[in-house]
Amino acid sequence: MLLFLFWCLLEEFFFLALSKEVDGVNLKEFASTRSVVSKTISATRGNIYDKNGEALAINVSSYTLIAYLDESRSKGEDKLYHVKDKKTTAKKLSKVLGMKESEIYKILNQNDKYQVEFGSYGKNLTELEKEEIEKLDLPGLDFIENEKRYYPNGNFASYTLGYAKNDENEKIVGEFGMESLLDKVLSGTDGYTTYQKDLNGYKIPGTREVTVKAINGNNVYLTIDSNIQFFIEQALSDARSKGKFDWMTMVIADAKTGAILGLAQSPSFDPNKKNIKNWTDITVAEAYEPGSIMKTYTYMAAMEAGTYRGSSKFSSGRYKTDDGTVINDWQAGGFGKITYDQGFMASSNVGVINIVNNFINKKILEDYFKKLGFGSKTGITLNNEVTGQINFKYQTEVYNASFGQGITTTPIQHIKALTAIANDGMLLKPYIIDKVLDQNGKEVYTGKREEIEKVASSSTTDKIKELMYNTVNSDWYAATGTVYKVKNASLIGKTGTAQLVNDRYGTYYNDDYNVAKSFMGMWPKDDPQIIIYSSVKRGNSTQLSTAVKSVVKNINKYLNIFEAVDTS
């Protein structure tokens, strides 16, 4: 019996496979009249905000202009639905699109096409541009609506945000900066709908429809405070107006957490216009010789070794190495016989050389630099971070490294190292993502203070803060940071000047122009709240100090950081 049923089923299978018709229905025709349609449901890209919810990168409607050329659109109608008067249309459109009248006329004369577009001139039009075209009252014109990325503040944290643009399918894709680095987080996941349709394009009743909803992108909140960011942007802009430089950069961080409150560089660009001349984010992606700001960490290495004697004296001026290299202090002849504490204030090269010779050695210095994070990425969520290099071997190389020449670092590495001074020796990881919210407003990531390790004792950080304070606030003529004094702000810091390398000859320039000048510091002295790092390449000290002091004063007013001190 089972065998008989099996043969019956097998016979039915072959019948269906070989038959052209079943129950009077032609199977081939039935299949040809239907097809499966799949339509994409696009996910909406997430926005980027500052820590207070101010929009930094959002999606806005944009429009693509099209012109209908087929006369059949107007057949039997009371008004025109295609472009008839092509010369008038070309003339009026040229004034709005900024496109040559002859080019528009050529596009409109493609009589074999049903509709045409106007290339880049007719894409990504704003609402205002759309309204301006509509006011021309030209028959046959229409618009395709889509979304584009928009940056409300224009040239503002541009190297941090980067930019996103529409690809060939009009999907917004990150291409530079954070928009690129966090593209998957911001993009979300497209959904889709599939169903069967007949020859006329209609859904076939009774057939199954499958819909998978799109998952919109997450919204990213940065640790940036737009007010502090504005102070930085304005200070760099003012510096630019007062003289030329290759570039200037500045970073502000919360000393207690390592959160980045603002960062910028000049020249910059407007991500809406993408007028980019330099593709390097100097904060993380350009390692350069830091100069004498590294003396801060050389001194700390000696203090941590337990060998530092700040009141001991050395003869400043010049030092001749074993290979015959002569290293000088910035002031010809030096400052006489001074203490090592004074050597820090005067930024004496000879002073740190003596520290290397008398208090520490190459291994201690290199190990301590590495312990602070130099030579390694900080891991901050910014694109294309580099490590820099702190390798040095021979005697002269060790001496040079102790005062910041022959090694390379990044601004963000100094922000990280400075957190140790601000937090009694506890090194913090700098971060720039405050939180990430999904499409339902649920927090899926939270940025927070992250302790790395204890790299210095509180006695070391107290001593180095004292030296940094005196460097800025002393009345001694040789103190290098006095131009950074700010009234009612116990700003402490260290200056640096690094000679640039002449790429043609592979040697250092020996002039006051081909240098990179830096300042790093924090305030208030006894309980630092804010960390600052700023540098300028082929600029001057006045540009740098004016920019730093402007930002310090504005942040003090904004955050109500006032102190009962007068260092005017």
# chains A, B, ... in the order shown; residues from 1 in each chain; ligands from 1
>>> select_by_dssp(residues="range 126-207 of chain A", states="helix (DSSP H, G or I)", output="number ranges by chain")
A: 127-135, 158-161, 177-181, 183-187
>>> write_last_selection(atoms="C-alpha atoms", output="PDB file, in the first residue's frame")
ATOM      1  CA  GLU A 127      15.012  75.069   0.609  1.00  0.00           C
ATOM      2  CA  LEU A 128      15.753  78.723  -0.176  1.00  0.00           C
ATOM      3  CA  GLU A 129      17.274  77.863  -3.557  1.00  0.00           C
ATOM      4  CA  LYS A 130      14.272  75.660  -4.357  1.00  0.00           C
ATOM      5  CA  GLU A 131      11.879  78.491  -3.497  1.00  0.00           C
ATOM      6  CA  GLU A 132      13.901  80.917  -5.634  1.00  0.00           C
ATOM      7  CA  ILE A 133      13.562  78.594  -8.640  1.00  0.00           C
ATOM      8  CA  GLU A 134       9.848  78.086  -7.996  1.00  0.00           C
ATOM      9  CA  LYS A 135       9.335  81.872  -8.029  1.00  0.00           C
ATOM     10  CA  SER A 158      35.795  70.889  11.432  1.00  0.00           C
ATOM     11  CA  TYR A 159      38.759  68.537  11.726  1.00  0.00           C
ATOM     12  CA  THR A 160      37.013  66.728  14.555  1.00  0.00           C
ATOM     13  CA  LEU A 161      33.641  66.354  12.845  1.00  0.00           C
ATOM     14  CA  GLY A 177      37.001  62.855  10.527  1.00  0.00           C
ATOM     15  CA  MET A 178      34.536  61.535  13.061  1.00  0.00           C
ATOM     16  CA  GLU A 179      31.854  61.186  10.365  1.00  0.00           C
ATOM     17  CA  SER A 180      34.091  58.549   8.785  1.00  0.00           C
ATOM     18  CA  LEU A 181      35.378  56.928  11.973  1.00  0.00           C
ATOM     19  CA  ASP A 183      30.114  55.873  10.068  1.00  0.00           C
ATOM     20  CA  LYS A 184      28.619  52.522  11.142  1.00  0.00           C
ATOM     21  CA  VAL A 185      27.381  53.974  14.425  1.00  0.00           C
ATOM     22  CA  LEU A 186      25.733  56.936  12.700  1.00  0.00           C
ATOM     23  CA  SER A 187      24.430  55.166   9.566  1.00  0.00           C
TER      24      SER A 187
END
>>> residues_around(residues="range 71-84 of chain A", least_positions_apart="5", cutoff="12 Å", atoms="only C-alpha atoms", output="list of chain:residue names")
A:Ile66, A:Thr89, A:Ala90, A:Tyr105, A:Ile107, A:Leu108, A:Asn109, A:Gln110, A:Asn111, A:Asp112, A:Lys113, A:Tyr114, A:Gln115, A:Val116, A:Asp137, A:Leu138, A:Pro139, A:Gly140, A:Leu141, A:Asp142
>>> residues_around(residues="range 162-174 of chain A", least_positions_apart="6", cutoff="9 Å", atoms="only C-alpha atoms", output="VMD selection string")
chain A and resid 42 44 to 45 57 59 146 to 151 180 to 184 186 to 187 271 to 272 274
>>> atom_distance(atom1="CA of Thr542 in chain A", atom2="CA of Lys517 in chain A")
10.4 Å
>>> residues_around(residues="Ala301 in chain A", least_positions_apart="3", cutoff="9 Å", atoms="only C-alpha atoms", output="list in words")
Thr296, Tyr297, Thr298, Glu304, Ala305, Gly306, Tyr308, Ile360, Ile364, Leu365, Asp367, Tyr368, Phe369 and Ala456 of chain A
>>> closest_residue(among="A:Val36, A:Ile452, A:Ile327, A:Ile104", to="Thr378 in chain A", atoms="only C-alpha atoms")
A:Ile452
>>> closest_atom_pairs(of="range 458-550 of chain A", to="range 396-415 of chain A", cutoff="12 Å", atoms="only C-alpha atoms", output="Markdown table")
| residue | atom | partner | partner_atom | distance |
| --- | --- | --- | --- | --- |
| A:Lys494 | CA | A:His414 | CA | 11.6 |
| A:Thr495 | CA | A:Phe403 | CA | 11.2 |
| A:Gly496 | CA | A:Gly404 | CA | 8.3 |
| A:Thr497 | CA | A:Gly404 | CA | 8.8 |
| A:Ala498 | CA | A:Gln405 | CA | 6.6 |
| A:Gln499 | CA | A:Gln405 | CA | 7.7 |
| A:Leu500 | CA | A:Gln405 | CA | 9.3 |
| A:Val501 | CA | A:Gly406 | CA | 9.7 |
| A:Gly506 | CA | A:Gly406 | CA | 11.9 |
| A:Thr507 | CA | A:Gly406 | CA | 11.0 |
| A:Tyr508 | CA | A:Gln405 | CA | 9.9 |
| A:Val515 | CA | A:Gln405 | CA | 11.4 |
| A:Ala516 | CA | A:Gln405 | CA | 11.1 |
| A:Lys517 | CA | A:Gly404 | CA | 11.6 |
| A:Ser518 | CA | A:Pro411 | CA | 9.7 |
| A:Phe519 | CA | A:His414 | CA | 10.5 |
| A:Met520 | CA | A:His414 | CA | 7.9 |
| A:Gly521 | CA | A:Ile415 | CA | 9.3 |
| A:Met522 | CA | A:Ile415 | CA | 10.1 |
| A:Ile530 | CA | A:Ile415 | CA | 10.5 |
| A:Ile531 | CA | A:Ile415 | CA | 7.1 |
| A:Ile532 | CA | A:Ile415 | CA | 7.5 |
| A:Tyr533 | CA | A:Pro411 | CA | 6.8 |
| A:Ser534 | CA | A:Pro411 | CA | 7.8 |
| A:Ser535 | CA | A:Pro411 | CA | 8.4 |
| A:Val536 | CA | A:Pro411 | CA | 11.4 |
>>> write_last_selection(atoms="N, CA and C atoms", output="mmCIF file, in the first residue's frame")
data_model
loop_
_atom_site.group_PDB
_atom_site.id
_atom_site.type_symbol
_atom_site.label_atom_id
_atom_site.label_comp_id
_atom_site.auth_asym_id
_atom_site.auth_seq_id
_atom_site.Cartn_x
_atom_site.Cartn_y
_atom_site.Cartn_z
ATOM 1 N N LYS A 494 54.376 75.571 30.887
ATOM 2 C CA LYS A 494 55.744 75.434 30.364
ATOM 3 C C LYS A 494 55.720 75.785 28.891
ATOM 4 N N THR A 495 56.700 76.541 28.468
ATOM 5 C CA THR A 495 56.827 76.927 27.070
ATOM 6 C C THR A 495 57.784 75.985 26.348
ATOM 7 N N GLY A 496 57.709 76.002 25.033
ATOM 8 C CA GLY A 496 58.632 75.194 24.240
ATOM 9 C C GLY A 496 58.864 75.805 22.880
ATOM 10 N N THR A 497 60.087 75.713 22.417
ATOM 11 C CA THR A 497 60.438 76.146 21.060
ATOM 12 C C THR A 497 61.292 75.052 20.434
ATOM 13 N N ALA A 498 60.773 74.486 19.338
ATOM 14 C CA ALA A 498 61.493 73.401 18.667
ATOM 15 C C ALA A 498 61.955 73.865 17.296
ATOM 16 N N GLN A 499 63.229 73.685 17.010
ATOM 17 C CA GLN A 499 63.745 74.006 15.681
ATOM 18 C C GLN A 499 63.188 73.014 14.667
ATOM 19 N N LEU A 500 62.832 73.512 13.499
ATOM 20 C CA LEU A 500 62.324 72.653 12.432
ATOM 21 C C LEU A 500 63.484 72.120 11.591
ATOM 22 N N VAL A 501 63.231 71.005 10.959
ATOM 23 C CA VAL A 501 64.265 70.369 10.137
ATOM 24 C C VAL A 501 64.172 70.882 8.702
ATOM 25 N N GLY A 506 68.539 67.960 5.684
ATOM 26 C CA GLY A 506 68.449 67.041 6.799
ATOM 27 C C GLY A 506 69.043 67.585 8.083
ATOM 28 N N THR A 507 69.150 68.894 8.185
ATOM 29 C CA THR A 507 69.687 69.537 9.386
ATOM 30 C C THR A 507 68.654 70.529 9.921
ATOM 31 N N TYR A 508 68.863 70.952 11.178
ATOM 32 C CA TYR A 508 67.946 71.913 11.781
ATOM 33 C C TYR A 508 68.210 73.320 11.250
ATOM 34 N N VAL A 515 60.582 77.557 13.390
ATOM 35 C CA VAL A 515 60.414 76.885 14.677
ATOM 36 C C VAL A 515 58.937 76.576 14.909
ATOM 37 N N ALA A 516 58.682 75.655 15.817
ATOM 38 C CA ALA A 516 57.327 75.396 16.318
ATOM 39 C C ALA A 516 57.322 75.782 17.792
ATOM 40 N N LYS A 517 56.441 76.718 18.157
ATOM 41 C CA LYS A 517 56.359 77.195 19.537
ATOM 42 C C LYS A 517 55.142 76.573 20.212
ATOM 43 N N SER A 518 55.308 76.205 21.465
ATOM 44 C CA SER A 518 54.218 75.544 22.183
ATOM 45 C C SER A 518 54.065 76.100 23.587
ATOM 46 N N PHE A 519 52.861 75.951 24.120
ATOM 47 C CA PHE A 519 52.597 76.230 25.532
ATOM 48 C C PHE A 519 51.631 75.172 26.033
ATOM 49 N N MET A 520 51.934 74.625 27.192
ATOM 50 C CA MET A 520 51.003 73.694 27.831
ATOM 51 C C MET A 520 50.888 74.066 29.291
ATOM 52 N N GLY A 521 49.697 73.909 29.837
ATOM 53 C CA GLY A 521 49.509 74.278 31.227
ATOM 54 C C GLY A 521 48.149 73.893 31.754
ATOM 55 N N MET A 522 47.820 74.468 32.914
ATOM 56 C CA MET A 522 46.539 74.178 33.559
ATOM 57 C C MET A 522 46.274 75.241 34.606
ATOM 58 N N ILE A 530 41.110 72.923 34.427
ATOM 59 C CA ILE A 530 41.224 72.977 32.968
ATOM 60 C C ILE A 530 42.679 72.762 32.548
ATOM 61 N N ILE A 531 42.867 71.953 31.512
ATOM 62 C CA ILE A 531 44.180 71.740 30.885
ATOM 63 C C ILE A 531 44.167 72.399 29.513
ATOM 64 N N ILE A 532 45.272 73.020 29.146
ATOM 65 C CA ILE A 532 45.363 73.681 27.848
ATOM 66 C C ILE A 532 46.671 73.307 27.158
ATOM 67 N N TYR A 533 46.590 73.091 25.866
ATOM 68 C CA TYR A 533 47.782 72.877 25.037
ATOM 69 C C TYR A 533 47.579 73.681 23.756
ATOM 70 N N SER A 534 48.609 74.414 23.360
ATOM 71 C CA SER A 534 48.517 75.174 22.113
ATOM 72 C C SER A 534 49.899 75.275 21.481
ATOM 73 N N SER A 535 49.942 75.257 20.154
ATOM 74 C CA SER A 535 51.217 75.395 19.460
ATOM 75 C C SER A 535 51.008 76.070 18.115
ATOM 76 N N VAL A 536 52.079 76.645 17.608
ATOM 77 C CA VAL A 536 52.031 77.335 16.322
ATOM 78 C C VAL A 536 53.305 77.020 15.544
#
>>> select_by_dssp(residues="range 52-249 of chain A", states="strand (DSSP E)", output="PyMOL selection string")
chain A and resi 55-68+115-117+141-150+163-166+172-176+191-198+210-212+219-222+247-249
>>> closest_residue(among="A:Ile464, A:Gly425, A:Arg318, A:Tyr288", to="Val386 in chain A", atoms="only C-alpha atoms")
A:Tyr288
>>> closest_residue(among="A:Val284, A:Leu428, A:Ala214, A:Leu437", to="Glu453 in chain A", atoms="only C-alpha atoms")
A:Leu428
>>> atom_distance(atom1="CA of Lys362 in chain A", atom2="CA of Gln389 in chain A")
15.2 Å
